[in-house]
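S.K.: Below you'll find target-v3.tsv; it's TSV, C-alpha atoms.
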chain	number	residue	atom	x	y	z
A	763	MET	CA	-16.95	14.87	-13.33
A	764	LEU	CA	-16.25	11.98	-15.67
A	765	THR	CA	-14.53	12.61	-18.96
A	766	VAL	CA	-15.67	11.30	-22.34
A	767	SER	CA	-12.92	8.67	-22.18
A	768	GLN	CA	-14.14	7.49	-18.80
A	769	PHE	CA	-17.73	7.22	-20.02
A	770	ALA	CA	-16.43	5.21	-22.97
A	771	ALA	CA	-14.47	3.00	-20.56
A	772	ILE	CA	-17.60	2.27	-18.53
A	773	ALA	CA	-19.51	1.40	-21.71
A	774	VAL	CA	-16.74	-0.94	-22.90
A	775	GLY	CA	-16.63	-2.51	-19.45
A	776	ALA	CA	-20.39	-3.12	-19.48
A	777	PHE	CA	-20.12	-4.75	-22.90
A	778	TYR	CA	-17.48	-7.19	-21.68
A	779	VAL	CA	-19.46	-7.97	-18.54
A	780	PHE	CA	-22.30	-9.04	-20.83
A	781	ALA	CA	-19.91	-10.94	-23.10
A	782	GLY	CA	-18.42	-12.79	-20.14
A	783	VAL	CA	-21.86	-13.90	-18.95
A	784	VAL	CA	-22.77	-15.09	-22.46
A	785	VAL	CA	-19.62	-17.22	-22.71
A	786	MET	CA	-20.12	-18.60	-19.20
A	787	ARG	CA	-23.64	-19.62	-20.20
A	788	ALA	CA	-22.38	-21.30	-23.37
A	789	MET	CA	-19.73	-23.20	-21.44
A	790	ALA	CA	-22.34	-24.43	-18.94
A	791	LEU	CA	-24.29	-25.92	-21.84
A	792	ASP	CA	-21.08	-27.36	-23.27
A	793	ARG	CA	-20.30	-29.10	-19.98
A	794	ALA	CA	-23.80	-30.58	-19.84
A	795	MET	CA	-23.35	-32.02	-23.33
A	796	ASN	CA	-19.93	-33.43	-22.43
A	797	GLU	CA	-21.37	-35.15	-19.36
A	798	LEU	CA	-24.11	-36.75	-21.42
A	799	LEU	CA	-21.68	-37.96	-24.07
A	800	ALA	CA	-19.57	-39.50	-21.33
A	801	ALA	CA	-22.68	-41.22	-19.95
A	802	LEU	CA	-23.38	-42.61	-23.42
A	803	ASN	CA	-19.90	-44.13	-23.58
A	804	ASP	CA	-18.85	-41.52	-26.11
A	805	PRO	CA	-16.41	-39.46	-24.06
A	806	VAL	CA	-15.29	-36.10	-25.35
A	807	ALA	CA	-11.70	-35.89	-26.56
A	808	PRO	CA	-9.29	-34.48	-23.94
A	809	LYS	CA	-8.47	-31.60	-26.27
A	810	GLU	CA	-12.14	-30.61	-26.39
A	811	LEU	CA	-12.37	-30.75	-22.61
A	812	LEU	CA	-9.29	-28.55	-22.39
A	813	ARG	CA	-10.87	-26.11	-24.85
A	814	SER	CA	-13.98	-25.89	-22.68
A	815	ARG	CA	-11.93	-25.22	-19.55
A	816	VAL	CA	-9.79	-22.60	-21.27
A	817	MET	CA	-12.91	-20.83	-22.56
A	818	THR	CA	-14.44	-20.91	-19.08
A	819	VAL	CA	-11.37	-19.27	-17.57
A	820	GLY	CA	-11.46	-16.72	-20.38
A	821	ALA	CA	-15.11	-15.98	-19.60
A	822	PHE	CA	-14.27	-15.24	-15.96
A	823	LEU	CA	-11.36	-13.01	-16.98
A	824	THR	CA	-13.57	-11.19	-19.48
A	825	LEU	CA	-16.30	-10.58	-16.92
A	826	ALA	CA	-13.88	-9.55	-14.17
A	827	GLY	CA	-12.06	-7.20	-16.54
A	828	GLY	CA	-15.35	-5.64	-17.56
A	829	VAL	CA	-16.34	-5.06	-13.94
A	830	ALA	CA	-12.94	-3.54	-13.16
A	831	LEU	CA	-13.21	-1.21	-16.14
A	832	MET	CA	-16.68	-0.09	-15.09
A	833	LEU	CA	-15.16	0.76	-11.71
A	834	LEU	CA	-12.36	2.66	-13.50
A	835	SER	CA	-9.92	0.50	-11.57
A	836	PRO	CA	-6.33	0.20	-12.85
A	837	LEU	CA	-6.70	-3.53	-12.24
A	838	ALA	CA	-8.66	-3.56	-15.49
A	839	ALA	CA	-5.42	-3.17	-17.43
A	840	LEU	CA	-3.91	-6.24	-15.77
A	841	LEU	CA	-7.02	-8.32	-16.41
A	842	PHE	CA	-7.40	-7.23	-20.02
A	843	VAL	CA	-3.74	-7.92	-20.80
A	844	ALA	CA	-3.85	-11.28	-19.00
A	845	ASN	CA	-7.00	-12.27	-20.88
A	846	ALA	CA	-5.54	-11.17	-24.21
A	847	LEU	CA	-2.50	-13.37	-23.58
A	848	TRP	CA	-4.76	-16.22	-22.47
A	849	GLN	CA	-6.98	-16.00	-25.54
A	850	GLY	CA	-4.04	-15.51	-27.89
A	851	GLY	CA	-2.30	-18.55	-26.46
A	852	TYR	CA	-5.46	-20.60	-26.89
A	853	LEU	CA	-5.87	-19.56	-30.52
A	854	LEU	CA	-2.26	-20.43	-31.32
A	855	TRP	CA	-2.68	-23.83	-29.67
A	856	ALA	CA	-6.08	-24.50	-31.27
A	857	GLU	CA	-4.73	-23.70	-34.73
A	858	LYS	CA	-2.72	-26.91	-34.63
A	859	ALA	CA	-4.43	-29.01	-31.97
A	860	LEU	CA	-8.06	-28.37	-32.99
A	861	PRO	CA	-8.19	-27.63	-36.73
A	862	PRO	CA	-11.72	-26.92	-38.06
A	863	GLU	CA	-13.46	-30.11	-39.15
A	864	ASP	CA	-16.08	-28.54	-41.42
A	865	ASP	CA	-17.34	-25.23	-42.77
A	866	ASP	CA	-19.28	-24.45	-39.59
A	867	ASP	CA	-16.17	-24.99	-37.48
A	868	ALA	CA	-14.17	-22.79	-39.83
A	869	ARG	CA	-16.73	-19.99	-39.57
A	870	GLY	CA	-16.79	-20.33	-35.80
A	871	ARG	CA	-13.00	-20.14	-35.62
A	872	ALA	CA	-13.00	-17.06	-37.86
A	873	GLN	CA	-15.56	-15.38	-35.60
A	874	THR	CA	-13.41	-16.20	-32.56
A	875	LYS	CA	-10.39	-14.63	-34.24
A	876	ASN	CA	-12.38	-11.53	-35.14
A	877	ALA	CA	-13.57	-11.23	-31.54
A	878	PHE	CA	-9.96	-11.56	-30.39
A	879	VAL	CA	-8.87	-8.71	-32.67
A	880	VAL	CA	-11.62	-6.53	-31.20
A	881	TYR	CA	-10.51	-7.54	-27.71
A	882	LEU	CA	-6.94	-6.55	-28.53
A	883	ALA	CA	-8.23	-3.13	-29.58
A	884	ALA	CA	-10.16	-2.87	-26.31
A	885	THR	CA	-7.05	-3.91	-24.38
A	886	SER	CA	-5.02	-1.22	-26.12
A	887	PHE	CA	-7.69	1.31	-25.16
A	888	VAL	CA	-7.54	0.23	-21.52
A	889	VAL	CA	-3.75	0.49	-21.45
A	890	TRP	CA	-4.04	3.95	-23.02
A	891	LEU	CA	-6.48	4.94	-20.27
A	892	VAL	CA	-3.92	3.98	-17.63
A	893	VAL	CA	-1.14	5.89	-19.37
A	894	GLN	CA	-3.37	8.96	-19.69
A	895	GLY	CA	-4.40	8.81	-16.05
A	896	GLN	CA	-8.05	8.20	-16.91
A	897	LEU	CA	-8.34	5.27	-14.50
A	898	ARG	CA	-7.95	5.43	-10.75
A	899	ALA	CA	-4.34	5.85	-9.66
A	900	TRP	CA	-2.37	2.87	-8.36
A	901	SER	CA	-1.34	5.01	-5.39
A	902	VAL	CA	-4.78	4.97	-3.77
A	903	PRO	CA	-5.02	3.09	-0.44
A	904	ALA	CA	-4.80	-0.69	-0.71
A	905	THR	CA	-8.29	-0.97	0.75
A	906	VAL	CA	-9.69	0.64	-2.41
A	907	HIS	CA	-8.07	-2.02	-4.57
A	908	LEU	CA	-9.33	-4.72	-2.20
A	909	ILE	CA	-12.85	-3.36	-2.50
A	910	ASP	CA	-12.53	-3.45	-6.29
A	911	ILE	CA	-11.36	-7.06	-6.12
A	912	GLY	CA	-14.26	-7.91	-3.84
A	913	ILE	CA	-16.73	-6.38	-6.27
A	914	MET	CA	-15.17	-8.31	-9.17
A	915	ILE	CA	-15.38	-11.59	-7.26
A	916	ALA	CA	-18.96	-10.82	-6.27
A	917	GLY	CA	-19.83	-10.03	-9.88
A	918	CYS	CA	-18.39	-13.31	-11.14
A	919	GLY	CA	-20.09	-15.21	-8.34
A	920	ALA	CA	-23.43	-13.54	-9.04
A	921	ALA	CA	-23.19	-14.39	-12.74
A	922	TRP	CA	-22.32	-18.01	-11.95
A	923	ALA	CA	-25.18	-18.26	-9.45
A	924	PHE	CA	-27.63	-16.72	-11.91
A	925	ILE	CA	-26.68	-19.19	-14.63
A	926	HIS	CA	-26.94	-22.22	-12.35
A	927	ALA	CA	-29.74	-21.16	-10.00
A	928	PRO	CA	-33.12	-22.94	-10.12
A	929	ARG	CA	-36.01	-20.82	-11.29
A	930	ARG	CA	-39.49	-20.60	-9.80
A	931	SER	CA	-41.34	-23.72	-10.87
A	932	ASN	CA	-44.38	-24.91	-8.99
A	933	ARG	CA	-48.14	-24.93	-9.06
A	934	GLU	CA	-48.25	-21.29	-8.08
A	935	SER	CA	-46.60	-20.45	-11.40
A	936	ALA	CA	-49.12	-22.61	-13.23
A	937	GLU	CA	-52.19	-20.92	-11.76
A	938	PRO	CA	-51.55	-17.43	-13.22
A	939	ALA	CA	-51.03	-19.01	-16.65
A	940	ALA	CA	-54.36	-20.79	-16.37
A	941	ALA	CA	-56.05	-17.62	-15.17
A	942	LEU	CA	-54.82	-15.78	-18.25
A	943	ASP	CA	-56.23	-18.58	-20.42
A	944	LEU	CA	-52.95	-19.03	-22.27
A	945	PRO	CA	-52.73	-21.69	-25.00
A	946	ASP	CA	-51.78	-25.13	-23.69
A	947	GLU	CA	-48.31	-25.02	-25.20
A	948	GLU	CA	-47.62	-21.72	-23.39
A	949	ALA	CA	-49.11	-22.55	-19.99
A	950	VAL	CA	-46.91	-23.96	-17.24
A	951	PRO	CA	-48.44	-27.36	-16.43
A	952	VAL	CA	-49.55	-28.57	-13.04
A	953	ARG	CA	-48.73	-32.16	-13.99
A	954	LEU	CA	-45.60	-32.77	-16.05
A	955	ARG	CA	-44.75	-35.85	-18.11
A	956	LEU	CA	-41.25	-36.85	-19.19
A	957	ALA	CA	-41.56	-38.97	-22.31
A	958	PRO	CA	-39.03	-38.64	-25.15
A	959	GLU	CA	-40.50	-38.55	-28.65
A	960	TRP	CA	-38.80	-37.93	-31.96
A	961	ASN	CA	-38.91	-34.42	-33.40
A	962	CYS	CA	-40.52	-32.82	-30.35
A	963	SER	CA	-39.91	-31.93	-26.73
A	964	PRO	CA	-39.45	-34.75	-24.19
A	965	LEU	CA	-41.61	-32.80	-21.72
A	966	TRP	CA	-45.40	-32.68	-21.90
A	967	ASN	CA	-48.36	-31.21	-20.10
A	968	ALA	CA	-49.79	-34.41	-18.63
A	969	ASP	CA	-53.30	-32.94	-18.55
A	970	THR	CA	-53.50	-31.58	-22.10
A	971	GLY	CA	-50.87	-33.60	-23.96
A	972	ALA	CA	-49.24	-30.40	-25.23
A	973	PRO	CA	-45.43	-30.26	-25.47
A	974	VAL	CA	-43.67	-28.02	-22.95
A	975	SER	CA	-40.39	-26.20	-23.48
A	976	VAL	CA	-37.79	-27.15	-20.90
A	977	TYR	CA	-36.94	-23.46	-20.52
A	978	ARG	CA	-40.48	-22.49	-19.47
A	979	LEU	CA	-40.47	-24.52	-16.28
A	980	GLY	CA	-38.20	-22.40	-14.12
A	981	LEU	CA	-35.60	-25.16	-13.86
A	982	SER	CA	-31.96	-24.42	-13.18
A	983	PHE	CA	-29.93	-23.85	-16.32
A	984	ASP	CA	-27.84	-26.91	-15.50
A	985	LEU	CA	-30.87	-29.19	-15.42
A	986	ALA	CA	-32.53	-27.58	-18.44
A	987	ASP	CA	-29.35	-27.97	-20.48
A	988	ARG	CA	-28.92	-31.51	-19.20
A	989	ILE	CA	-32.41	-32.43	-20.39
A	990	GLU	CA	-31.74	-30.79	-23.75
A	991	ALA	CA	-28.48	-32.69	-24.19
A	992	TRP	CA	-30.13	-35.95	-23.13
A	993	ASP	CA	-32.92	-35.42	-25.65
A	994	ASP	CA	-30.41	-34.51	-28.38
A	995	ALA	CA	-28.88	-37.96	-27.94
A	996	TRP	CA	-32.30	-39.53	-28.51
A	997	GLN	CA	-33.13	-37.33	-31.51
A	998	ALA	CA	-29.82	-38.33	-33.11
A	999	THR	CA	-31.07	-41.94	-33.34
A	1000	TYR	CA	-33.99	-40.98	-35.58
A	1001	ASN	CA	-33.93	-42.58	-39.03
A	1002	GLU	CA	-35.97	-40.40	-41.35
A	1003	ALA	CA	-35.94	-43.00	-44.13
A	1004	ASP	CA	-37.16	-45.74	-41.79
A	1005	PRO	CA	-38.48	-44.36	-38.48
A	1006	ALA	CA	-39.33	-47.83	-37.20
A	1007	SER	CA	-35.64	-48.75	-37.25
A	1008	GLY	CA	-34.64	-45.75	-35.15
A	1009	GLY	CA	-33.31	-45.97	-31.63
A	1010	PHE	CA	-30.01	-46.92	-30.07
A	1011	GLN	CA	-28.30	-49.67	-32.00
A	1012	GLU	CA	-25.89	-50.54	-29.20
A	1013	GLU	CA	-27.19	-51.92	-25.92
A	1014	ALA	CA	-24.53	-50.09	-23.90
A	1015	ALA	CA	-25.60	-46.74	-25.36
A	1016	ARG	CA	-29.26	-47.52	-24.68
A	1017	LEU	CA	-28.56	-48.46	-21.07
A	1018	ALA	CA	-26.45	-45.34	-20.54
A	1019	TYR	CA	-29.25	-43.22	-22.00
A	1020	MET	CA	-31.78	-44.90	-19.70
A	1021	ALA	CA	-29.54	-44.38	-16.68
A	1022	GLU	CA	-29.16	-40.69	-17.49
A	1023	GLY	CA	-32.93	-40.43	-17.95
A	1024	ARG	CA	-33.59	-41.89	-14.51
A	1025	ALA	CA	-31.03	-39.51	-13.01
A	1026	ILE	CA	-32.85	-36.63	-14.71
A	1027	VAL	CA	-36.13	-37.86	-13.22
A	1028	GLU	CA	-34.62	-37.63	-9.74
A	1029	ALA	CA	-33.22	-34.18	-10.48
A	1030	LEU	CA	-36.61	-33.04	-11.79
A	1031	ARG	CA	-38.29	-34.25	-8.63
A	1032	GLY	CA	-35.85	-32.13	-6.69
A	1033	GLU	CA	-36.73	-28.95	-8.62
A	1034	TRP	CA	-40.21	-29.47	-10.06
A	1035	ARG	CA	-42.82	-29.17	-7.32
A	1036	GLY	CA	-45.80	-30.33	-9.32
A	1037	GLU	CA	-46.68	-33.90	-10.20
A	1038	LEU	CA	-44.28	-35.75	-12.47
A	1039	GLU	CA	-45.17	-38.69	-14.69
A	1040	ILE	CA	-42.71	-40.94	-16.50
A	1041	GLY	CA	-43.16	-42.23	-20.04
A	1042	ASP	CA	-42.98	-45.92	-20.93
A	1043	LEU	CA	-39.51	-45.56	-22.41
A	1044	LEU	CA	-38.05	-44.88	-18.96
A	1045	ARG	CA	-39.96	-47.52	-17.04
Reformat the file's structure so that it appears as structure tokens.
M.R.:
Amino acid sequence: MLTVSQFAAIAVGAFYVFAGVVVMRAMALDRAMNELLAALNDPVAPKELLRSRVMTVGAFLTLAGGVALMLLSPLAALLFVANALWQGGYLLWAEKALPPEDDDDARGRAQTKNAFVVYLAATSFVVWLVVQGQLRAWSVPATVHLIDIGIMIAGCGAAWAFIHAPRRSNRESAEPAAALDLPDEEAVPVRLRLAPEWNCSPLWNADTGAPVSVYRLGLSFDLADRIEAWDDAWQATYNEADPASGGFQEEAARLAYMAEGRAIVEALRGEWRGELEIGDLLR
């Protein structure tokens, strides 16, 4: 029968599995934004790219450590310690290489440090579990450890696949919405229109003219985030004082934006099984 400490270990492990997935999801969005900025001839600084990669590795370590702890595997101690060193090294490097640029950055950095302190406490707890014999012994057959490693790899792979997998998006998903008589902005359209507009979604129900959230179409997270990042670049050109003067001021940026838009059209056609119309801006 499990002890109270072991139940607590499983709970802590589950928490860090969830945390790892959340960070992996955030880094997927971050990569999509970086790719768009590169397409717009505004490449991300190498230090920012390094930060994203370091955080991605940390997310995998966090998730794998959480899975190991849920299994009560002694490998959890190695993963937690390794991740603590990894995160600590990143924070020391970022303190000088990536100083906060504004109040939001400063708050974000403070939150990261607080999370690191909590992780250190969790790491100490895991090490204590090993010392107290609350995790599985190292002396078990090697096959047991190999099974644990296999489960950890499978867990990381499943999380990655879930984040990047396409969702159900076709006319079959539109019919139930119509049958329920949902409002236009909530129904999944049969015909979709991609047409960027300021201060609203670039996706529209071609039949009703209602805007459609990119996250309601069952698209893969990669494509949904890519569309969001692409639209963010367009929204950033809006001039509230003089809307007529909005738009890309540099021809190279405009052409890069158009090229990314056409690439998104092709990606949409690969995932969206309904009809797709293109707005005048992309013609």
S.K.: Quote the spacing between atom CA of Glu990 of chain A and atom CA of Arg955 of chain A in Å to one decimal place.
M.R.: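 Spanning atom CA of Glu990 of chain A to atom CA of Arg955 of chain A is a straight-line distance of 15.1 Å.
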S.K.: Just how far from atom CA of Leu833 of chain A is atom CA of Ala899 of chain A, in Å to one decimal?
M.R.: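 Distance between the two atoms: 12.1 Å.
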S.K.: Rounded to one decimal place, report the atom CA of Ile925 of chain A-atom CA of Asp993 of chain A distance in Å.
M.R.: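 Atom-to-atom, atom CA of Ile925 of chain A and atom CA of Asp993 of chain A are spaced 20.6 Å apart.
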S.K.: Counting all atoms listed in the file, which of A:Gly1009, A:Pro973, A:Pro958, A:Gly775 gets nearest to Leu825 of chain A?
M.R.: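 Looking only at the distances to Leu825 of chain A, the closest residue turns out to be A:Gly775.
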S.K.: Using all atoms listed in the file, which of the listed residues (A:Pro862, A:Met832, A:Leu1044, A:Tyr852) sits closest to Ala1021 of chain A?
M.R.: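 Closest to Ala1021 of chain A of all the choices is A:Leu1044.
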S.K.: Excluding Ile989 of chain A and any residue of its chain fewer than 3 positions from it, enumerate the residues within 8 Å of it, using all atoms listed in the file, and give them as an mmCIF file with C-alpha atoms, in the frame of the given file.
M.R.:
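Contents of out-v9.cif, freshly written:
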data_model
loop_
_atom_site.group_PDB
_atom_site.id
_atom_site.type_symbol
_atom_site.label_atom_id
_atom_site.label_comp_id
_atom_site.auth_asym_id
_atom_site.auth_seq_id
_atom_site.Cartn_x
_atom_site.Cartn_y
_atom_site.Cartn_z
ATOM 1 C CA VAL A 976 -37.790 -27.150 -20.900
ATOM 2 C CA LEU A 985 -30.870 -29.190 -15.420
ATOM 3 C CA ALA A 986 -32.530 -27.580 -18.440
ATOM 4 C CA TRP A 992 -30.130 -35.950 -23.130
ATOM 5 C CA ASP A 993 -32.920 -35.420 -25.650
ATOM 6 C CA ILE A 1026 -32.850 -36.630 -14.710
#
S.K.: Quick one: everything within 12 Å of Asp1042 of chain A, counting only C-alpha atoms, minus sequence neighbours fewer than 6 positions away in the same chain. Send it as a list in words.
M.R.: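 Close residues of Asp1042 of chain A: Arg955, Leu956, Ala957, Pro958, Glu959, Met1020 and Gly1023 of chain A.
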S.K.: Using only C-alpha atoms, determine which residues lie at most 9 Å from Gly827 of chain A, disregarding the query and same-chain residues fewer than 2 positions distant; provide the list as an MDAnalysis selection string.
M.R.: chainID A and resid 775 778:779 822:825 829:832 837:842 845 914
S.K.: Taking only C-alpha atoms into account, name the residue in A:Ala991, A:Ala968, A:Val888, A:Leu981 that is nearest to Ile1040 of chain A.
M.R.: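 Under the stated criterion, the closest residue is A:Ala968.
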S.K.: Considering only C-alpha atoms, can you say which of A:Ala995, A:Ala872, A:Met786, A:Leu847 comes closest to Ala1015 of chain A?
M.R.: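 Closest residue, counting only C-alpha atoms: A:Ala995.
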S.K.: Tell me, as a short mmCIF file (atom, residue, chain, number, x, y, z; two decimals) with C-alpha atoms, keeping the file's coordinate frame, which residues lie within 12 Å of Gln768 of chain A, counting all atoms listed in the file; anything in the same chain fewer than 4 positions away does not count.
M.R.:
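File produced: selection-v3.cif:
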data_model
loop_
_atom_site.label_atom_id
_atom_site.label_comp_id
_atom_site.auth_asym_id
_atom_site.auth_seq_id
_atom_site.Cartn_x
_atom_site.Cartn_y
_atom_site.Cartn_z
CA MET A 763 -16.95 14.87 -13.33
CA LEU A 764 -16.25 11.98 -15.67
CA ILE A 772 -17.60 2.27 -18.53
CA ALA A 773 -19.51 1.40 -21.71
CA VAL A 774 -16.74 -0.94 -22.90
CA GLY A 775 -16.63 -2.51 -19.45
CA LEU A 831 -13.21 -1.21 -16.14
CA MET A 832 -16.68 -0.09 -15.09
CA LEU A 833 -15.16 0.76 -11.71
CA LEU A 834 -12.36 2.66 -13.50
CA SER A 835 -9.92 0.50 -11.57
CA PHE A 887 -7.69 1.31 -25.16
CA VAL A 888 -7.54 0.23 -21.52
CA TRP A 890 -4.04 3.95 -23.02
CA LEU A 891 -6.48 4.94 -20.27
CA VAL A 892 -3.92 3.98 -17.63
CA GLN A 894 -3.37 8.96 -19.69
CA GLY A 895 -4.40 8.81 -16.05
CA GLN A 896 -8.05 8.20 -16.91
CA LEU A 897 -8.34 5.27 -14.50
CA ARG A 898 -7.95 5.43 -10.75
#
S.K.: Given the choices A:Met789, A:Ala846, A:Leu854, A:Ala859, which gets closest to Phe878 of chain A if the distance is worked out from all atoms listed in the file?
M.R.: A:Ala846
S.K.: Pick from A:Ala826, A:Met817, A:Val906, A:Val952: nearest to Arg1035 of chain A, with all atoms listed in the file counted?
M.R.: A:Val952
S.K.: Can you tell me, as a VMD selection string, what residues are no more than 9 Å from Arg787 of chain A when counting all atoms listed in the file, ignoring any on the same chain fewer than 5 positions away?
M.R.: chain A and resid 782 792 922 925 to 926 983
